[in-house]
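Everything on this sheet refers to the single structure shown next.
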Amino acid sequence: MSDREDIGDATREEEVTDGAMAAVCAAGHPDEDAAGGERAGPRETAAASETAFSPEPVAPETVASAGGAGGERRAEAAESEDAASTRPAAIALILLGLVILAVTAFSTPWQVLSGGPPDPARDFSAAQLARARAFDAATTLPSYIALALTIIIAGILVATPFSARVLGRLKGPWWVRVVLGTLVITALVELVRWPLGIWVETILRDFGLSTQDWAAWAGDRLKNLGVEAVLLCVMLLALVALARKVRRWWIPAAVGAFALTVVTSFVYPVVFEPLFNDFSSMREGPLRTNLLEMAERDGVPVEDVLVADASRRTTALNAYVSGFGATRRIVVYDTLLQAPQREVELVVAHELGHAKHDDVLYGTLVGALGAGFGAIALFLLIRPLRRRTGIASIADPRSVGVVMGLMTFGSLFMGPAQNVISRHIEARADVHALDLTGDPAMFIAMQKRLAITNISDLSPDAVEYVLYASHPSGPERIAMARAWAKLNGVPEP
Ligand SMILES: [Zn+2]
């Protein structure tokens with residue numbers, strides 16, 4: 001699961017860090033990323049995997065067309081050998097799946113305070129509701145087209161010989177072909193998605209959410225693509241190298257995927273975030289003093305609060321926690337500093353909730369276990385796909401397209417489960433903010449500001465909720481604050 005939680009989403013900021021290991025918070029609506037399912041960040045990147053048996057690629061045709069009785073016997077022998085070598089991997093996959101279920105069952109706050117039914121009309125004007133509906137209507141089509149394209153492209157990669165044919169033209173040593181193959185597939189996918197990105201950016205501008213010009217937009221997008229490509233290349237090089245050397249490569253691949261996810265999440269704030277934003281310490285003054293005092297009172301000592309220059313690309317409001325241990329940090333968008341001080345305190349109190357419960361650390365742990373699971377699943381899946389794809393083994397450098405397709409499907413399937421867990425974690429952080437500040441009226445004011453400024457979806461339909469909602473909706477969060485007030489004997493705002 002993702003260890004990033006978002007407050008405000010939309011916009012490229014998300015895109016930039018999607019799939020990576022940050023933790024943000026606040027209101028949200030499906031952004032182009034979430035919508036696009038273009039979740040090929042380090043997390044999936046880490047979900048590497050394997051190839052079955054022999055390091056030497058065996059062309060599927062060899063198996064298929066080995067005519068005659070001798071050929072059949074050989075095929076049978078190969079089948080039973082296959083079964084023998086996949087059994088330990090299948091058992092490991094089931095066990096790891098159970099571990100992941102146990103960890104998520106244990107670490108997810110299932111019993112958070114729940115509010116009454118959300119009532120958007122109570123807190124938002126007709127004009128605000130109409131604007132949210134208009135934005136939702138404008139972004140829905142590109143979102144679903146992006147999702148459909150993602151599924152079609154991944155389907156082509158895992159179910160046809162397309163990538164084997166295209167990548168078969170590459171020349172050079174195996175590692176050169178792995179790198180070039182990864183870059184070719186990444187570039188082809190981006191080429192298809194680029195017009196959709198322009199479409200969504202145009203909508204963001206129409207609604208006043210984007211502050212970028214096209215050069216900055218393209219620069220961001222290319223930088224993001226470069227980071228993804230580098231991480232993918234590292235992962236796929238390691239994967240193919242293992243498959244060429246080790247028969248049961250799923251074991252080191254699973255361990256490696258786990259480690260790569262943990263390391264990426266840990267260094268994310270210091271290595272990747274600075275590529276996209278400048279960060280500065282919040283300047284001295286009453287706000288900073290109050291925030292640090294509040295953290296102290298909360299038992300979550302924070303040395304600094306960082307401000308990101310998010311206004312270079314968006315008007316959206318957001319804040320997040322990223323990293324863990326020595327790299328943990330609380331970041332607020334500079335756009336948020338326009339809000340009244342008490343509201344900023346409420347946002348930071350929510351982030352302190354994430355810090356206090358080690359949400360990023362648990363998210364990273366689950367993500368890393370999921371990456372290991374993906375590696376083993378890849379080992380088991382590549383063989384049934386060999387006839388369709390023309391790839392017999394991960395040891396074949398042409399396999400990178402199939403691996404990328406499988407990773408995309410893996411992250412698509414995991415998205416809704418991640419969202420369910422994330423919504424509970426966000427609700428717990430909201431309760432934490434209310435407990436810490438005891439101010440549900442200010443909490444509601446803050447939620448309204450977030451929802452209105454970020455043009456959040458105030459009544460997401462069931463499909464949007466399942467696919468994209470990493471946070472409860474604004475009206476749900478407001479209803480929860482009212483329930484908190486009632487429970488704590490505070491006048492209901
Ligand atoms: Zn949050």
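Following the order of the structure tokens, first chain is A, next is B, and so on, with residues numbered from 1 inside each chain and ligands from 1 in the order they appear.
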Next item on the list: Would you kindly return, as a PyMOL selection string, each protein, DNA or RNA residue with an atom no farther than 12 Å from any atom of Leu98 (chain A), considering only C-alpha atoms and excluding same-chain residues fewer than 6 positions away?
Entry: chain A and resi 91-92+104-105+366+369-370+373
For the selection you just gave me, I'd like the residues written to a file as an mmCIF file, in the first residue's frame, keeping C-alpha atoms.
```cif
data_model
loop_
_atom_site.group_PDB
_atom_site.id
_atom_site.type_symbol
_atom_site.label_atom_id
_atom_site.label_comp_id
_atom_site.auth_asym_id
_atom_site.auth_seq_id
_atom_site.Cartn_x
_atom_site.Cartn_y
_atom_site.Cartn_z
ATOM 1 C CA ILE A 91 3.462 -21.919 -0.948
ATOM 2 C CA ALA A 92 5.622 -18.865 -0.215
ATOM 3 C CA THR A 104 -2.950 -4.845 7.617
ATOM 4 C CA ALA A 105 -5.654 -6.330 9.841
ATOM 5 C CA VAL A 366 3.015 -3.280 3.906
ATOM 6 C CA LEU A 369 5.742 -6.996 1.735
ATOM 7 C CA GLY A 370 3.469 -6.349 -1.239
ATOM 8 C CA PHE A 373 4.540 -10.750 -2.998
#
```
Note to self: Give me, as a list in words, all polymer residues having an atom no more than 8 Å from Val200 (chain A), counting only C-alpha atoms and skipping those fewer than 3 positions away in the same chain.
What the structure shows: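 In the requested form, the answer reads Glu32, Thr139, Pro142, Leu196, Gly197, Ile203 and Leu204 of chain A.
If you count only C-alpha atoms and ignore residues fewer than 5 places along the chain from region 154-157 of chain A, what sits within 10 Å of it is Ala148, Leu149, Phe162, Ser163, Ala164, Ile185, Val189, Arg388, Thr389, Ser399, Val400, Gly401, Val402, Val403, Met404, Gly405, Leu406, Met407, Thr408 and Phe409 of chain A.
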Keeping only N, CA and C atoms, write the selected residues as a PDB file, in the first residue's frame.
```
ATOM      1  N   ALA A 148      -8.868   3.273 -18.926  1.00  0.00           N
ATOM      2  CA  ALA A 148      -9.065   2.287 -19.996  1.00  0.00           C
ATOM      3  C   ALA A 148      -7.767   2.079 -20.780  1.00  0.00           C
ATOM      4  N   LEU A 149      -7.073   3.187 -21.084  1.00  0.00           N
ATOM      5  CA  LEU A 149      -5.812   3.069 -21.829  1.00  0.00           C
ATOM      6  C   LEU A 149      -4.793   2.258 -21.038  1.00  0.00           C
ATOM      7  N   PHE A 162       3.536  -8.424 -28.625  1.00  0.00           N
ATOM      8  CA  PHE A 162       3.927  -7.075 -29.049  1.00  0.00           C
ATOM      9  C   PHE A 162       5.301  -6.658 -28.526  1.00  0.00           C
ATOM     10  N   SER A 163       5.484  -6.753 -27.208  1.00  0.00           N
ATOM     11  CA  SER A 163       6.749  -6.231 -26.671  1.00  0.00           C
ATOM     12  C   SER A 163       7.923  -7.118 -27.061  1.00  0.00           C
ATOM     13  N   ALA A 164       7.671  -8.447 -27.196  1.00  0.00           N
ATOM     14  CA  ALA A 164       8.763  -9.323 -27.632  1.00  0.00           C
ATOM     15  C   ALA A 164       9.218  -8.930 -29.041  1.00  0.00           C
ATOM     16  N   ILE A 185       9.574   1.082 -23.872  1.00  0.00           N
ATOM     17  CA  ILE A 185       8.187   0.864 -23.419  1.00  0.00           C
ATOM     18  C   ILE A 185       7.678   2.086 -22.647  1.00  0.00           C
ATOM     19  N   VAL A 189       4.431   4.330 -23.852  1.00  0.00           N
ATOM     20  CA  VAL A 189       3.267   4.528 -22.990  1.00  0.00           C
ATOM     21  C   VAL A 189       3.038   6.018 -22.759  1.00  0.00           C
ATOM     22  N   ARG A 388       1.551 -16.827 -25.127  1.00  0.00           N
ATOM     23  CA  ARG A 388       0.929 -15.610 -25.648  1.00  0.00           C
ATOM     24  C   ARG A 388       1.954 -14.518 -25.933  1.00  0.00           C
ATOM     25  N   THR A 389       2.958 -14.413 -25.055  1.00  0.00           N
ATOM     26  CA  THR A 389       3.869 -13.271 -25.172  1.00  0.00           C
ATOM     27  C   THR A 389       5.133 -13.582 -25.954  1.00  0.00           C
ATOM     28  N   SER A 399      11.742  -9.538 -21.828  1.00  0.00           N
ATOM     29  CA  SER A 399      10.649  -9.746 -20.873  1.00  0.00           C
ATOM     30  C   SER A 399      10.232  -8.460 -20.150  1.00  0.00           C
ATOM     31  N   VAL A 400      11.011  -7.394 -20.289  1.00  0.00           N
ATOM     32  CA  VAL A 400      10.712  -6.204 -19.478  1.00  0.00           C
ATOM     33  C   VAL A 400       9.307  -5.646 -19.741  1.00  0.00           C
ATOM     34  N   GLY A 401       8.833  -5.774 -20.987  1.00  0.00           N
ATOM     35  CA  GLY A 401       7.488  -5.284 -21.297  1.00  0.00           C
ATOM     36  C   GLY A 401       6.427  -6.064 -20.530  1.00  0.00           C
ATOM     37  N   VAL A 402       6.574  -7.389 -20.494  1.00  0.00           N
ATOM     38  CA  VAL A 402       5.606  -8.229 -19.776  1.00  0.00           C
ATOM     39  C   VAL A 402       5.628  -7.882 -18.286  1.00  0.00           C
ATOM     40  N   VAL A 403       6.831  -7.722 -17.747  1.00  0.00           N
ATOM     41  CA  VAL A 403       6.947  -7.394 -16.314  1.00  0.00           C
ATOM     42  C   VAL A 403       6.256  -6.061 -16.027  1.00  0.00           C
ATOM     43  N   MET A 404       6.478  -5.073 -16.888  1.00  0.00           N
ATOM     44  CA  MET A 404       5.849  -3.760 -16.662  1.00  0.00           C
ATOM     45  C   MET A 404       4.323  -3.868 -16.739  1.00  0.00           C
ATOM     46  N   GLY A 405       3.833  -4.675 -17.679  1.00  0.00           N
ATOM     47  CA  GLY A 405       2.386  -4.875 -17.790  1.00  0.00           C
ATOM     48  C   GLY A 405       1.817  -5.540 -16.545  1.00  0.00           C
ATOM     49  N   LEU A 406       2.510  -6.556 -16.055  1.00  0.00           N
ATOM     50  CA  LEU A 406       2.027  -7.252 -14.848  1.00  0.00           C
ATOM     51  C   LEU A 406       2.055  -6.325 -13.635  1.00  0.00           C
ATOM     52  N   MET A 407       3.087  -5.502 -13.550  1.00  0.00           N
ATOM     53  CA  MET A 407       3.162  -4.555 -12.426  1.00  0.00           C
ATOM     54  C   MET A 407       1.996  -3.573 -12.458  1.00  0.00           C
ATOM     55  N   THR A 408       1.648  -3.146 -13.664  1.00  0.00           N
ATOM     56  CA  THR A 408       0.518  -2.221 -13.788  1.00  0.00           C
ATOM     57  C   THR A 408      -0.767  -2.882 -13.310  1.00  0.00           C
ATOM     58  N   PHE A 409      -0.996  -4.121 -13.744  1.00  0.00           N
ATOM     59  CA  PHE A 409      -2.202  -4.825 -13.281  1.00  0.00           C
ATOM     60  C   PHE A 409      -2.177  -5.006 -11.766  1.00  0.00           C
TER      61      PHE A 409
END
```
Checklist line | Nearest to Ile452 (chain A) by atom-to-atom distance, counting only C-alpha atoms, from A:Thr186, A:Gly353, A:Gly474, A:Val305 | finding: A:Gly474
Next item on the list: Choose the residue, out of A:Pro472, A:Gly256, A:Pro118, A:Gly390, that has the smallest atom-to-atom separation from Ala429 (chain A); count only C-alpha atoms.
Entry: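 For Ala429 (chain A), the nearest of the given residues is A:Pro472.
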Compile a residue-level contact table for region 250-285 of chain A against region 326-344 of chain A at a cut-off of 10 Å, reporting for every qualifying residue the shortest atom pair and its distance in Å to one decimal, with only C-alpha atoms counted, rows ordered by chain and ascending number, as a Markdown table.
```
| residue | atom | partner | partner_atom | distance |
| --- | --- | --- | --- | --- |
| A:Ser265 | CA | A:Thr327 | CA | 9.4 |
| A:Phe266 | CA | A:Thr327 | CA | 6.4 |
| A:Val267 | CA | A:Thr327 | CA | 6.9 |
| A:Tyr268 | CA | A:Thr327 | CA | 8.3 |
| A:Pro269 | CA | A:Thr327 | CA | 6.6 |
| A:Val270 | CA | A:Thr327 | CA | 7.1 |
| A:Phe279 | CA | A:Val331 | CA | 8.4 |
| A:Ser280 | CA | A:Val331 | CA | 9.5 |
| A:Ser281 | CA | A:Val331 | CA | 9.3 |
| A:Met282 | CA | A:Val332 | CA | 9.0 |
```
Margin query: Among region 298-434 of chain A, which ones does DSSP assign to helix (DSSP H, G or I) (computed from the backbone)? Answer as a PyMOL selection string.
Written below: chain A and resi 310-312+325-327+334-338+341-356+359-382+386-389+397-434
Checklist line | Length of the CA of Glu284 (chain A) to CA of Glu426 (chain A) vector [Å] | finding: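 CA of Glu426 (chain A) lies 29.2 Å from CA of Glu284 (chain A).
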Checklist line | Of the listed residues A:Gln418, A:Ser456, A:Ser470, A:Thr211, that which approaches ligand 1 most closely, counting only C-alpha atoms and all ligand atoms | finding: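 The closest residue to ligand 1 is A:Ser470.
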Item checked: Contacts of Tyr362 (chain A) within 10 Å, only C-alpha atoms, excl. fewer than 3 positions in-chain, as a PyMOL selection string -> chain A and resi 1-3+103-104+107-108+324+357-359+365-368
Writing out the chosen residues with N, CA and C atoms as a PDB file, in the first residue's frame:
```
ATOM      1  N   MET A   1       0.825  -1.196   0.000  1.00  0.00           N
ATOM      2  CA  MET A   1       0.000   0.000   0.000  1.00  0.00           C
ATOM      3  C   MET A   1       0.854   1.238   0.000  1.00  0.00           C
ATOM      4  N   SER A   2       0.253   2.285  -0.303  1.00  0.00           N
ATOM      5  CA  SER A   2       1.024   3.509  -0.409  1.00  0.00           C
ATOM      6  C   SER A   2       1.236   4.092   0.970  1.00  0.00           C
ATOM      7  N   ASP A   3       2.353   4.691   1.111  1.00  0.00           N
ATOM      8  CA  ASP A   3       2.609   5.281   2.406  1.00  0.00           C
ATOM      9  C   ASP A   3       2.455   6.740   2.281  1.00  0.00           C
ATOM     10  N   VAL A 103      -0.820  -8.278   8.917  1.00  0.00           N
ATOM     11  CA  VAL A 103      -0.243  -6.969   9.255  1.00  0.00           C
ATOM     12  C   VAL A 103      -1.266  -5.858   9.020  1.00  0.00           C
ATOM     13  N   THR A 104      -1.972  -5.904   7.882  1.00  0.00           N
ATOM     14  CA  THR A 104      -2.950  -4.845   7.617  1.00  0.00           C
ATOM     15  C   THR A 104      -4.124  -4.948   8.587  1.00  0.00           C
ATOM     16  N   SER A 107      -2.750  -3.451  11.830  1.00  0.00           N
ATOM     17  CA  SER A 107      -2.303  -2.051  11.891  1.00  0.00           C
ATOM     18  C   SER A 107      -3.359  -1.052  11.409  1.00  0.00           C
ATOM     19  N   THR A 108      -4.429  -1.515  10.775  1.00  0.00           N
ATOM     20  CA  THR A 108      -5.448  -0.582  10.298  1.00  0.00           C
ATOM     21  C   THR A 108      -6.468  -0.286  11.403  1.00  0.00           C
ATOM     22  N   PHE A 324      10.620   8.246   7.325  1.00  0.00           N
ATOM     23  CA  PHE A 324      10.477   7.741   8.690  1.00  0.00           C
ATOM     24  C   PHE A 324      11.857   7.737   9.320  1.00  0.00           C
ATOM     25  N   HIS A 357       1.268   7.770  14.885  1.00  0.00           N
ATOM     26  CA  HIS A 357       0.914   6.372  14.662  1.00  0.00           C
ATOM     27  C   HIS A 357       1.851   5.678  13.681  1.00  0.00           C
ATOM     28  N   ASP A 358       2.936   6.345  13.300  1.00  0.00           N
ATOM     29  CA  ASP A 358       3.893   5.746  12.370  1.00  0.00           C
ATOM     30  C   ASP A 358       3.226   5.234  11.100  1.00  0.00           C
ATOM     31  N   ASP A 359       2.295   6.020  10.572  1.00  0.00           N
ATOM     32  CA  ASP A 359       1.573   5.567   9.384  1.00  0.00           C
ATOM     33  C   ASP A 359       2.490   5.347   8.181  1.00  0.00           C
ATOM     34  N   LEU A 365       6.094  -0.749   5.319  1.00  0.00           N
ATOM     35  CA  LEU A 365       6.211  -2.187   5.610  1.00  0.00           C
ATOM     36  C   LEU A 365       5.243  -2.993   4.748  1.00  0.00           C
ATOM     37  N   VAL A 366       4.001  -2.549   4.706  1.00  0.00           N
ATOM     38  CA  VAL A 366       3.015  -3.280   3.906  1.00  0.00           C
ATOM     39  C   VAL A 366       3.370  -3.196   2.417  1.00  0.00           C
ATOM     40  N   GLY A 367       3.803  -2.005   1.985  1.00  0.00           N
ATOM     41  CA  GLY A 367       4.207  -1.852   0.588  1.00  0.00           C
ATOM     42  C   GLY A 367       5.374  -2.762   0.238  1.00  0.00           C
ATOM     43  N   ALA A 368       6.313  -2.890   1.158  1.00  0.00           N
ATOM     44  CA  ALA A 368       7.493  -3.719   0.905  1.00  0.00           C
ATOM     45  C   ALA A 368       7.109  -5.203   0.866  1.00  0.00           C
TER      46      ALA A 368
END
```
Note to self: Just want the 8 Å neighbourhood of Pro416 (chain A), counted on only C-alpha atoms, with same-chain residues fewer than 6 positions away dropped. Output as a PyMOL selection string.
What the structure shows: chain A and resi 466-468
Just N, CA and C atoms for this one: save the residues we selected as a short mmCIF file (atom, residue, chain, number, x, y, z; two decimals), in the first residue's frame.
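Written out: out-v5.cif:
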```cif
data_model
loop_
_atom_site.label_atom_id
_atom_site.label_comp_id
_atom_site.auth_asym_id
_atom_site.auth_seq_id
_atom_site.Cartn_x
_atom_site.Cartn_y
_atom_site.Cartn_z
N VAL A 466 -14.53 3.93 -4.70
CA VAL A 466 -13.74 2.69 -4.63
C VAL A 466 -12.38 2.86 -5.33
N LEU A 467 -12.41 3.50 -6.50
CA LEU A 467 -11.18 3.57 -7.30
C LEU A 467 -10.20 4.63 -6.81
N TYR A 468 -10.75 5.77 -6.37
CA TYR A 468 -9.85 6.91 -6.18
C TYR A 468 -9.79 7.51 -4.79
#
```
